[in-house]
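Q: Take this structure, written in structure tokens, and hold onto it; I'll ask about it next.
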Amino acid sequence: MGHYLVRRLLIAVPSLLGISIVLFTVLALAPGDPFSEMALNPNIPPEVQAALRKHFGLDDPIWQRYFRWLVAMLHGDWGFSFISRVNVDTLILQRVPVTLAVIGASQVLALLIALPVGIYSAARPYSWFDRIASTFALIGFSLPTFFTGLLLILLFSIKLDWLPFVYRADLSATGWDWWVQQLKQSIMPITVLGLFQGAGWTRYVRSATLDVIRLDYVTTARSKGLRERAVILKHVVRNAMIPVVTLIALTMPQVFGGAVVTEQIFRVPGIGSLLIDAIQRNDTPVVMAVTFVFACLVILFNLFADLLYGWLDPRISYR
Amino acid sequence: MANDRPAFDACALGEWAEDVRGGRLPRREFVARLASLGVAAPAASALLAFAGVANAQPQPTYKPTKRGGGGALKLLFWQGPTLLNPHFGIGAKDQEGCWLFYEALARYDPDANLAPVLAAAIPSRANGGIAADGRSVTWTLKKDVRWHDGRPFTADDVVFNFAYATDPQTAATTIADFDNIAAVTRVDSHTVRFDFKKASPIWDKAANVTLIPKHLFESYTGAKSRDAPNNLKPVGTGPYKFVDFKPGDLVRGELNRDYHAPNRPHFDTVELKGGGDATSAARAVLQTGEYDFGWNLQVEDDVLTRLEASRKGRVVACPGGDVEVININHADPWSEVDGERSSPRSRHPILSDAAVREALTLLVDRKSIHTFVYGRAGVATPNILNNPSRLNSPNIKDDFSVERANAVLDAAGWTRGADGIRQKQGRRLKLLFQTSINSVRQKVQNIVKQSCAKAGIEVELKAIAAAVFFSSDVGNPDTYGKFLADLEMYAVAGRPPDPDTFMQWFVSWQMAGKANKWQGVNRGRYRNDEYDRMYRQSQTELDPVKRTALLIAMNDLACREHAIIPIVYRPSIYGLGRQIVASLSGWDNALSGIAEWYAEA
């Protein structure tokens with residue numbers, strides 16, 4: 001187990017290097033530059049823009065810039081944003097709490113829907129419950145979040161005027177009032193994301209459970225006289241969860257990456273909106289940092305999922 | 001093309017204005033004389049005002065009788081400020097955030113005149129602030145102004161800002177505002193003198209830069225400028241004190257109890273939220289009333305009108321210097337000269353024919369573009385200079401006529417071929433028209449293309465991603481600076497009240513090309529010796545009235561020669577909550593007058 005872990009972590013190093021090279025090259029080859037906004041401002045002559053490019057080393061060859069970035073990164077220096085001249089780690093850390101709160105809550109909501117509904121549907125396939133659940137799941141993952149988001153805004157903010165549609169990370173209220181306001185502004189983004197994710201997962205949980213529920217050992221367990229509840233929870237679900245765990249583990253990095261579209265619609269100041277702003281402004285250090293952290297998390301959660309298999313299924317061993 | 005109206009006699013104008021000032025010439029007579037030159041009465045009055053004759057500016061009435069008590073002011077920007085050091089600001093959004101906490105010596109009012117903020121008075125020739133030789137300007141500062149930490153604001157702070165911004169290691173974006181300034185000298189604790197490198201009629205540029213405190217930034221100049229803790233925690237002189245800042249997302253402030261203007265500000269807290277898109281920002285202000293102010297609402301006008309129907313807010317249009325133009329390529333984009341297309345040395349095979357340029361100008365249906373595409377966000381104009389009204393030329397007419405365009409082309413020997421497209425000496429009248437990807441611009445492109453087709457001109461349309469089109473990327477062929485097409489459309493935005501930067505668009509030494517890495521602002525590669533001469537004269541003409549006349553004459557020359565085709569001038573569009581009374585100017589940042597804002601009870 002220990003060996004396995006070390007080996008996997010060592011393999012991760014070249015993968016991360018490769019990822020960083022690809023990311024950096026793509027960003028460097030992309031057209032545009034961080035100071036293009038200045039070109040539209042006649043008060044700022046082009047020489048200022050050129051001087052800034054030079055000052056921030058944007059005119060150097062790609063490989064030089066890459067190694068400069070790499071060396072700094074190895075020293076724990078993430079660089080600073082060309083646009084706001086703030087350290088990138090500060091920028092990211094500012095966005096983490098909101099992202100975790102909103103995206104994390106939506107993932108929890110998705111799990112809370114997907115697991116019980118999926119398992120119950122599989123336990124009684126083609127029942128009325130299963131049919132209704134399947135229909136809603138189909139609708140759920142067919143509708144993109146930007147559509148449901150706008151629909152909810154139209155209904156709850158504009159027609160009914162119940163909920164605000166601009167998310168504010170800094171609510172001025174305190175105590176109870178803060179919780180009420182926080183809840184009101186979070187309901188819509190969390191629902192939109194949670195239902196979308198939950199719908200997909202429900203179908204997945206259902207089919208994974210269905211695969212297992214017909215196996216002989218389940219019949220044996222039933223004929224032993226075990227209660228149905230124990231059969232499903234102890235014998236079926238544990239085995240059915242292996243593919244589901246993979247899926248969930250691989251979506252976990254998204255909690256960090258944020259949800260670009262939904263964050264934009266509700267103005268949630270999460271990492272997704274930081275990333276999209278940085279991309280639009282060609283703010284390379286920020287884009288690099290966010291995507292790189294994202295890559296690290298994907299690799300990490302992959303490893304985590306592999307380790308979790310061993311616990312779920314003792315037949316899997318690590319060498 | 002020929003116009004036999006007498007050109008402005010700049011000298012006579014100045015003398016007349018002096019006569020009015022001295023009481024020798026009645027105002028009415030002055031207006032009548034200008035009318036004979038084709039200057040409309042309002043413009044003539046504005047000219048007089050500019051000459052210092054009638055300086056009674058209507059002050060915005062501020063009703064609240066005590067400081068504070070207005071509750072929270074909520075501002076919504078679809079692009080939030082990413083930094084709060086005015087010297088690092090990249091775009092207007094950053095300067096907007098700075099104005100909550102920092103202030104400049106003066107701001108521009110809706111008529112493009114300076115109004116004092118930290119200055120006690122605006123320098124003029126009359127009060128001796130502007131030196132007669134144009135080599136210096138002296139500012140007296142308001143007394144009893146304190147930074148948010150209690151330290152007094154003095155002349156030393158102004159001197160420091162100059163040194164800070166002009167240090168190349170600071171990499172300040174405001175460096176250009178000080179480009180003609182040789183030195184800033186402290187005269188006494190509340191008087192500073194700006195000495196110019198060369199005598200210039202433009203003495204006000206540096207006055208609009210918001211100022212940072214010396215005592216907090218003096219140990220962080222040059223290469224260390226990025227480390228200043230106050231880059232993110234502004235301590236200014238403004239109406240609001242800093243509370244919190246998250247780049248790109250949120251700025252919060254609270255009432256400054258020691259603000260230097262009485263009874264101001266009205267609001268107890270201010271919150272600036274960024275992010276999202278312009279349409280939903282308009283919705284949050286106009287339809288749901290969640291926010292009190294929506295910044296730069298670049299939304300189609302009929303959408304705004306529909307949202308306004310909810311009566312939660314209203315749209316305000318503030319005319320400024322922005323103008324949407326079709327730039328004409330006077331150089332040849334289709335053949336290489338010295339390994340360079342659109343070389344400043346070449347001449348366009350088709351567009352060098354003035355008849356074609358005239359026909360194109362006649363084929364732009366500005367009224368329809370204004371009515372059906374821009375609405376309040378773009379007013380039809382045949383002129384380059386539109387605002388303030390004193391700069392608006394009455395001599396250029398907006399004509400749209402397919403018949404006349406056809407006649408002009410016929411007369412010039414462009415005959416229709418079998419497919420209806422005109423040609424001359426084997427050259428088809430076919431033009432490539434490019435712009436940035438933007439639904440409004442693309443609609444305008446199509447309107448122009450359709451009317452051109454009626455006159456036998458084939459127009460091919462091209463739209464380029466804005467990030468590429470407006471970039472200064474030397475390696476990319478699709479930038480507006482390289483201009484490898486026949487026509488291109490974009491807007492001049494954020495122009496300062498003095499049109500000097502825009503007038504450089506037509507001077508020969510600013511032609512964009514390989515030599516200057518396509519950074520010259522004369523992207524149309526237009527050349528006219530008469531224009532060059534007039535521009536040089538406008539650079540040294542110190543009499544504001546004569547200079548104004550000169551600028552109008554330059555506008556007329558460029559428009560009559562069809563160096564460019566102006567389409568609409570574009571006011572800044574803001575959304576305001578129903579009760580909010582805001583002092584907004586199209587010539588300055590929306591929040592530059594934030595101290596004057598209040599909510600009607």
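The chains in the structure tokens are called A, B, ... from first to last as shown; in each chain the residues are counted from 1, and the ligands are counted from 1 in the order shown.
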Env of region 64-76 of chain B: 10 Å cut, atoms = only C-alpha atoms, seq-sep filter 4 positions within chain, self excluded. Answer as a short mmCIF file (atom, residue, chain, number, x, y, z; two decimals) with N, CA and C atoms, in the first residue's frame.

A:
```cif
data_model
loop_
_atom_site.label_atom_id
_atom_site.label_comp_id
_atom_site.auth_asym_id
_atom_site.auth_seq_id
_atom_site.Cartn_x
_atom_site.Cartn_y
_atom_site.Cartn_z
N VAL A 166 -28.56 38.65 -7.50
CA VAL A 166 -27.14 39.02 -7.46
C VAL A 166 -26.58 38.50 -6.13
N GLY B 80 -16.13 44.48 -12.59
CA GLY B 80 -15.73 45.08 -11.32
C GLY B 80 -14.30 45.57 -11.38
N LEU B 250 -15.97 42.94 -5.53
CA LEU B 250 -16.67 43.79 -4.59
C LEU B 250 -15.77 44.89 -4.05
N VAL B 251 -16.34 46.08 -3.91
CA VAL B 251 -15.67 47.16 -3.18
C VAL B 251 -16.71 47.71 -2.21
N ARG B 252 -16.30 47.89 -0.94
CA ARG B 252 -17.24 48.47 0.02
C ARG B 252 -16.62 49.67 0.70
N GLY B 253 -17.44 50.67 1.00
CA GLY B 253 -16.97 51.85 1.69
C GLY B 253 -18.00 52.34 2.67
N GLU B 254 -17.56 53.18 3.61
CA GLU B 254 -18.50 53.78 4.54
C GLU B 254 -18.27 55.28 4.58
N LEU B 255 -19.29 55.98 5.00
CA LEU B 255 -19.30 57.43 5.09
C LEU B 255 -18.02 57.99 5.72
N ASN B 256 -17.45 59.02 5.11
CA ASN B 256 -16.29 59.71 5.67
C ASN B 256 -16.80 60.92 6.45
N ARG B 257 -16.74 60.83 7.79
CA ARG B 257 -17.30 61.89 8.65
C ARG B 257 -16.57 63.22 8.47
N ASP B 258 -15.30 63.16 8.02
CA ASP B 258 -14.51 64.39 7.91
C ASP B 258 -14.40 64.88 6.49
N TYR B 259 -15.35 64.50 5.63
CA TYR B 259 -15.24 64.89 4.23
C TYR B 259 -15.24 66.41 4.11
N ALA B 261 -16.37 68.59 1.93
CA ALA B 261 -17.50 69.39 1.45
C ALA B 261 -18.66 69.25 2.45
N PRO B 262 -19.35 70.34 2.75
CA PRO B 262 -20.39 70.28 3.78
C PRO B 262 -21.56 69.41 3.38
N ASN B 263 -22.16 68.74 4.35
CA ASN B 263 -23.37 67.92 4.17
C ASN B 263 -23.19 66.74 3.23
N ARG B 264 -21.96 66.44 2.84
CA ARG B 264 -21.76 65.35 1.91
C ARG B 264 -20.89 64.29 2.56
N PRO B 265 -20.96 63.06 2.20
CA PRO B 265 -21.94 62.47 1.28
C PRO B 265 -23.27 62.16 1.97
N HIS B 266 -24.23 61.77 1.18
CA HIS B 266 -25.57 61.52 1.69
C HIS B 266 -25.72 60.08 2.19
N PHE B 267 -25.01 59.15 1.56
CA PHE B 267 -25.23 57.74 1.89
C PHE B 267 -24.29 57.28 3.00
N ASP B 268 -24.77 56.34 3.83
CA ASP B 268 -23.98 55.87 4.96
C ASP B 268 -22.95 54.83 4.53
N THR B 269 -23.33 54.01 3.56
CA THR B 269 -22.39 53.01 3.06
C THR B 269 -22.51 52.96 1.55
N VAL B 270 -21.47 52.47 0.92
CA VAL B 270 -21.52 52.30 -0.52
C VAL B 270 -20.97 50.93 -0.84
N GLU B 271 -21.60 50.26 -1.82
CA GLU B 271 -21.15 48.92 -2.19
C GLU B 271 -21.12 48.85 -3.70
N LEU B 272 -19.98 48.43 -4.24
CA LEU B 272 -19.83 48.30 -5.68
C LEU B 272 -19.64 46.83 -6.01
N LYS B 273 -20.63 46.25 -6.65
CA LYS B 273 -20.56 44.82 -6.99
C LYS B 273 -20.19 44.68 -8.46
N GLY B 274 -19.26 43.78 -8.76
CA GLY B 274 -18.84 43.60 -10.15
C GLY B 274 -19.19 42.22 -10.67
N GLY B 275 -19.05 42.05 -11.98
CA GLY B 275 -19.24 40.73 -12.58
C GLY B 275 -20.59 40.59 -13.27
N GLY B 276 -20.75 39.49 -14.01
CA GLY B 276 -22.00 39.25 -14.73
C GLY B 276 -21.99 39.89 -16.10
N ALA B 278 -24.02 42.86 -18.94
CA ALA B 278 -24.67 44.17 -18.94
C ALA B 278 -26.19 44.04 -18.90
N ALA B 281 -27.43 43.28 -15.50
CA ALA B 281 -27.18 44.44 -14.65
C ALA B 281 -28.29 45.46 -14.86
N ALA B 282 -28.66 45.67 -16.12
CA ALA B 282 -29.75 46.60 -16.42
C ALA B 282 -31.04 46.13 -15.76
N ALA B 284 -31.33 44.35 -13.00
CA ALA B 284 -31.28 44.51 -11.55
C ALA B 284 -31.52 45.95 -11.13
N VAL B 285 -31.24 46.90 -12.02
CA VAL B 285 -31.45 48.30 -11.67
C VAL B 285 -32.83 48.77 -12.14
N GLU B 290 -33.05 45.99 -7.45
CA GLU B 290 -32.13 45.44 -6.45
C GLU B 290 -30.94 46.37 -6.25
N TYR B 291 -30.55 47.09 -7.31
CA TYR B 291 -29.40 47.99 -7.24
C TYR B 291 -29.80 49.42 -7.62
N ASP B 292 -29.00 50.38 -7.16
CA ASP B 292 -29.33 51.79 -7.38
C ASP B 292 -28.70 52.37 -8.63
N PHE B 293 -27.62 51.73 -9.10
CA PHE B 293 -26.90 52.29 -10.23
C PHE B 293 -26.34 51.17 -11.08
N GLY B 294 -26.53 51.26 -12.39
CA GLY B 294 -25.94 50.28 -13.30
C GLY B 294 -24.99 51.01 -14.23
N TRP B 295 -23.75 50.51 -14.31
CA TRP B 295 -22.69 51.19 -15.04
C TRP B 295 -22.65 50.77 -16.49
N ASN B 296 -22.45 51.73 -17.37
CA ASN B 296 -22.16 51.45 -18.78
C ASN B 296 -23.04 50.34 -19.36
N GLY B 575 -27.80 53.33 -15.72
CA GLY B 575 -29.11 53.08 -15.14
C GLY B 575 -29.14 53.64 -13.73
N LEU B 576 -30.21 54.33 -13.38
CA LEU B 576 -30.30 54.91 -12.04
C LEU B 576 -31.61 54.47 -11.38
N GLY B 577 -31.53 54.17 -10.10
CA GLY B 577 -32.73 53.84 -9.34
C GLY B 577 -33.64 55.07 -9.31
N ILE B 580 -32.70 58.03 -7.00
CA ILE B 580 -31.32 58.51 -6.94
C ILE B 580 -31.13 59.74 -7.84
N LEU B 591 -18.36 57.78 -11.31
CA LEU B 591 -18.33 57.98 -9.86
C LEU B 591 -17.50 59.19 -9.45
N GLU B 596 -21.74 64.05 -4.66
CA GLU B 596 -22.93 64.86 -4.89
C GLU B 596 -24.20 64.02 -5.02
N TRP B 597 -24.07 62.72 -5.00
CA TRP B 597 -25.24 61.87 -5.20
C TRP B 597 -26.13 61.89 -3.96
N TYR B 598 -27.42 61.83 -4.17
CA TYR B 598 -28.31 61.65 -3.02
C TYR B 598 -29.59 60.98 -3.48
N ALA B 599 -30.36 60.55 -2.49
CA ALA B 599 -31.63 59.89 -2.79
C ALA B 599 -32.76 60.82 -2.41
N GLU B 600 -33.68 60.99 -3.34
CA GLU B 600 -34.85 61.83 -3.07
C GLU B 600 -35.74 61.08 -2.08
N ALA B 601 -36.29 61.81 -1.12
CA ALA B 601 -37.12 61.15 -0.10
C ALA B 601 -38.39 60.60 -0.73
#
```

Q: Please identify every residue of chain B that has at least one atom no more than 7 Å from any atom of chain A, counting only C-alpha atoms, and report them as a PyMOL selection string.

A: chain B and resi 82-83+90-91+171+173+176+226+249+275-276+288+467-468+470-473+493-496+501+519

Q: Could you turn the residues from that selection into a file that holds C-alpha atoms, as a PDB file, in the first residue's frame?

A:
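Once everything was written out, this is selection-v5.pdb:
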```
ATOM      1  CA  THR B  82      -9.554  44.724 -10.314  1.00  0.00           C
ATOM      2  CA  LEU B  83      -7.299  47.159  -8.479  1.00  0.00           C
ATOM      3  CA  ILE B  90      -6.000  49.595 -16.841  1.00  0.00           C
ATOM      4  CA  GLY B  91      -9.550  50.471 -17.764  1.00  0.00           C
ATOM      5  CA  ALA B 171       4.968  51.015 -14.564  1.00  0.00           C
ATOM      6  CA  THR B 173      -0.578  53.724 -16.582  1.00  0.00           C
ATOM      7  CA  ALA B 176       0.905  59.677 -20.152  1.00  0.00           C
ATOM      8  CA  ARG B 226       3.621  46.497  -6.130  1.00  0.00           C
ATOM      9  CA  ASP B 249     -16.003  41.251  -7.300  1.00  0.00           C
ATOM     10  CA  GLY B 275     -19.243  40.734 -12.582  1.00  0.00           C
ATOM     11  CA  GLY B 276     -21.997  39.250 -14.729  1.00  0.00           C
ATOM     12  CA  THR B 288     -36.200  44.647  -9.957  1.00  0.00           C
ATOM     13  CA  ALA B 467      -9.543  40.399 -28.079  1.00  0.00           C
ATOM     14  CA  VAL B 468      -7.656  39.991 -31.344  1.00  0.00           C
ATOM     15  CA  PHE B 470      -8.032  45.503 -30.535  1.00  0.00           C
ATOM     16  CA  SER B 471      -4.776  43.867 -29.500  1.00  0.00           C
ATOM     17  CA  SER B 472      -1.377  45.262 -30.354  1.00  0.00           C
ATOM     18  CA  ASP B 473      -0.068  41.795 -31.188  1.00  0.00           C
ATOM     19  CA  ALA B 493     -13.948  55.697 -26.544  1.00  0.00           C
ATOM     20  CA  GLY B 494     -13.046  57.509 -23.375  1.00  0.00           C
ATOM     21  CA  ARG B 495     -11.684  60.502 -25.212  1.00  0.00           C
ATOM     22  CA  PRO B 496     -10.734  63.381 -22.904  1.00  0.00           C
ATOM     23  CA  THR B 501      -5.626  62.736 -29.115  1.00  0.00           C
ATOM     24  CA  GLN B 519       1.239  51.662 -32.926  1.00  0.00           C
TER      25      GLN B 519
END
```

Q: For Leu307 (chain B), find every residue with an atom within 7 Å (counting only C-alpha atoms), except residues of its own chain fewer than 2 positions away, and show them as a PDB file with N, CA and C atoms, in the first residue's frame.

A:
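Below you can see selection_10.pdb, which holds the result:
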```pdb
ATOM      1  N   ARG B 283     -31.243  44.829 -15.777  1.00  0.00           N
ATOM      2  CA  ARG B 283     -32.435  44.244 -15.171  1.00  0.00           C
ATOM      3  C   ARG B 283     -32.483  44.520 -13.668  1.00  0.00           C
ATOM      4  N   LEU B 286     -33.171  48.444 -13.385  1.00  0.00           N
ATOM      5  CA  LEU B 286     -34.373  49.021 -13.985  1.00  0.00           C
ATOM      6  C   LEU B 286     -35.632  48.219 -13.686  1.00  0.00           C
ATOM      7  N   GLN B 287     -35.476  46.903 -13.577  1.00  0.00           N
ATOM      8  CA  GLN B 287     -36.683  46.088 -13.457  1.00  0.00           C
ATOM      9  C   GLN B 287     -36.968  45.614 -12.035  1.00  0.00           C
ATOM     10  N   VAL B 303     -34.391  46.864 -25.485  1.00  0.00           N
ATOM     11  CA  VAL B 303     -34.400  46.056 -24.265  1.00  0.00           C
ATOM     12  C   VAL B 303     -34.464  46.983 -23.053  1.00  0.00           C
ATOM     13  N   LEU B 304     -33.647  48.032 -23.064  1.00  0.00           N
ATOM     14  CA  LEU B 304     -33.652  48.986 -21.954  1.00  0.00           C
ATOM     15  C   LEU B 304     -35.038  49.611 -21.791  1.00  0.00           C
ATOM     16  N   THR B 305     -35.654  49.973 -22.919  1.00  0.00           N
ATOM     17  CA  THR B 305     -36.968  50.601 -22.848  1.00  0.00           C
ATOM     18  C   THR B 305     -37.978  49.656 -22.218  1.00  0.00           C
ATOM     19  N   ALA B 309     -39.995  49.990 -18.341  1.00  0.00           N
ATOM     20  CA  ALA B 309     -41.447  50.013 -18.179  1.00  0.00           C
ATOM     21  C   ALA B 309     -41.854  49.616 -16.768  1.00  0.00           C
ATOM     22  N   SER B 310     -40.980  48.925 -16.032  1.00  0.00           N
ATOM     23  CA  SER B 310     -41.310  48.538 -14.658  1.00  0.00           C
ATOM     24  C   SER B 310     -41.236  49.720 -13.703  1.00  0.00           C
TER      25      SER B 310
END
```

Q: Using the chain letters and numbers from this document, which residues of region 81-296 of chain B does DSSP assign to strand (DSSP E), as number ranges by chain?

A: B: 106-108, 114-116, 136-140, 181-188, 191-196, 240-246, 250-255, 269-273, 293-294

Q: Please, could you write that set of residues out with C-alpha atoms as an mmCIF file, in the first residue's frame?

A:
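The resulting file, again.cif, is reproduced below:
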```cif
data_model
loop_
_atom_site.group_PDB
_atom_site.id
_atom_site.type_symbol
_atom_site.label_atom_id
_atom_site.label_comp_id
_atom_site.auth_asym_id
_atom_site.auth_seq_id
_atom_site.Cartn_x
_atom_site.Cartn_y
_atom_site.Cartn_z
ATOM 1 C CA ALA B 106 -10.722 68.635 -10.581
ATOM 2 C CA ARG B 107 -13.313 66.705 -12.527
ATOM 3 C CA TYR B 108 -15.065 67.368 -15.816
ATOM 4 C CA LEU B 114 -13.363 71.578 -15.143
ATOM 5 C CA ALA B 115 -15.026 71.708 -11.734
ATOM 6 C CA PRO B 116 -12.809 71.881 -8.640
ATOM 7 C CA SER B 136 3.029 76.673 -16.480
ATOM 8 C CA VAL B 137 -0.187 76.419 -14.525
ATOM 9 C CA THR B 138 -0.572 77.092 -10.816
ATOM 10 C CA TRP B 139 -3.144 75.301 -8.689
ATOM 11 C CA THR B 140 -4.291 76.425 -5.274
ATOM 12 C CA ILE B 181 5.063 68.102 -17.503
ATOM 13 C CA ALA B 182 8.694 68.887 -16.755
ATOM 14 C CA ALA B 183 8.325 69.497 -13.049
ATOM 15 C CA VAL B 184 5.751 69.886 -10.314
ATOM 16 C CA THR B 185 6.887 72.393 -7.713
ATOM 17 C CA ARG B 186 5.551 73.192 -4.288
ATOM 18 C CA VAL B 187 5.006 76.949 -4.022
ATOM 19 C CA ASP B 188 3.626 76.896 -0.500
ATOM 20 C CA THR B 191 -0.089 75.872 -3.890
ATOM 21 C CA VAL B 192 1.598 73.838 -6.626
ATOM 22 C CA ARG B 193 2.946 74.798 -9.995
ATOM 23 C CA PHE B 194 3.057 72.461 -12.991
ATOM 24 C CA ASP B 195 5.806 73.456 -15.426
ATOM 25 C CA PHE B 196 5.365 72.242 -18.980
ATOM 26 C CA TYR B 240 -16.201 57.261 1.451
ATOM 27 C CA LYS B 241 -13.708 55.411 3.624
ATOM 28 C CA PHE B 242 -12.438 52.033 2.587
ATOM 29 C CA VAL B 243 -13.967 48.912 4.180
ATOM 30 C CA ASP B 244 -13.318 45.922 1.959
ATOM 31 C CA PHE B 245 -12.094 44.960 -1.518
ATOM 32 C CA LYS B 246 -12.175 41.723 -3.489
ATOM 33 C CA LEU B 250 -16.673 43.794 -4.591
ATOM 34 C CA VAL B 251 -15.674 47.162 -3.178
ATOM 35 C CA ARG B 252 -17.243 48.471 0.017
ATOM 36 C CA GLY B 253 -16.965 51.847 1.692
ATOM 37 C CA GLU B 254 -18.503 53.780 4.544
ATOM 38 C CA LEU B 255 -19.298 57.433 5.090
ATOM 39 C CA THR B 269 -22.386 53.013 3.061
ATOM 40 C CA VAL B 270 -21.520 52.304 -0.523
ATOM 41 C CA GLU B 271 -21.147 48.924 -2.192
ATOM 42 C CA LEU B 272 -19.831 48.301 -5.683
ATOM 43 C CA LYS B 273 -20.563 44.824 -6.988
ATOM 44 C CA PHE B 293 -26.902 52.289 -10.234
ATOM 45 C CA GLY B 294 -25.940 50.283 -13.302
#
```

Q: For Gly238 (chain B), list every protein, DNA or RNA residue within 6 Å, evaluated using only C-alpha atoms, and leave out those in the same chain fewer than 3 positions away; present the list as a list in words.

A: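 Result of the neighbour search: Phe101, Tyr102 and Glu103 of chain B.
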
Q: Just the number, please: distance in Å from CA of Trp518 (chain B) to CA of Ala463 (chain B), one decimal.

A: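 Distance between the two atoms: 19.9 Å.
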
Q: Pick from B:Glu458, B:Asp157, B:Asp179, B:Glu218: nearest to Asp204 (chain B), with only C-alpha atoms counted?

A: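 With only C-alpha atoms as the atom set, the closest residue is B:Asp179.
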
Q: Would you mind listing what lies within 7 Å of Ile552 (chain B) as an NGL selection string, with only C-alpha atoms counted and same-chain residues fewer than 4 positions away left out?

A: :B and (391-393 or 548 or 556)

Q: Record the distance separating CA of Ser142 (chain A) and CA of Leu115 (chain A), expressed in Å with one decimal.

A: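 Going from CA of Ser142 (chain A) over to CA of Leu115 (chain A), I get 19.6 Å.
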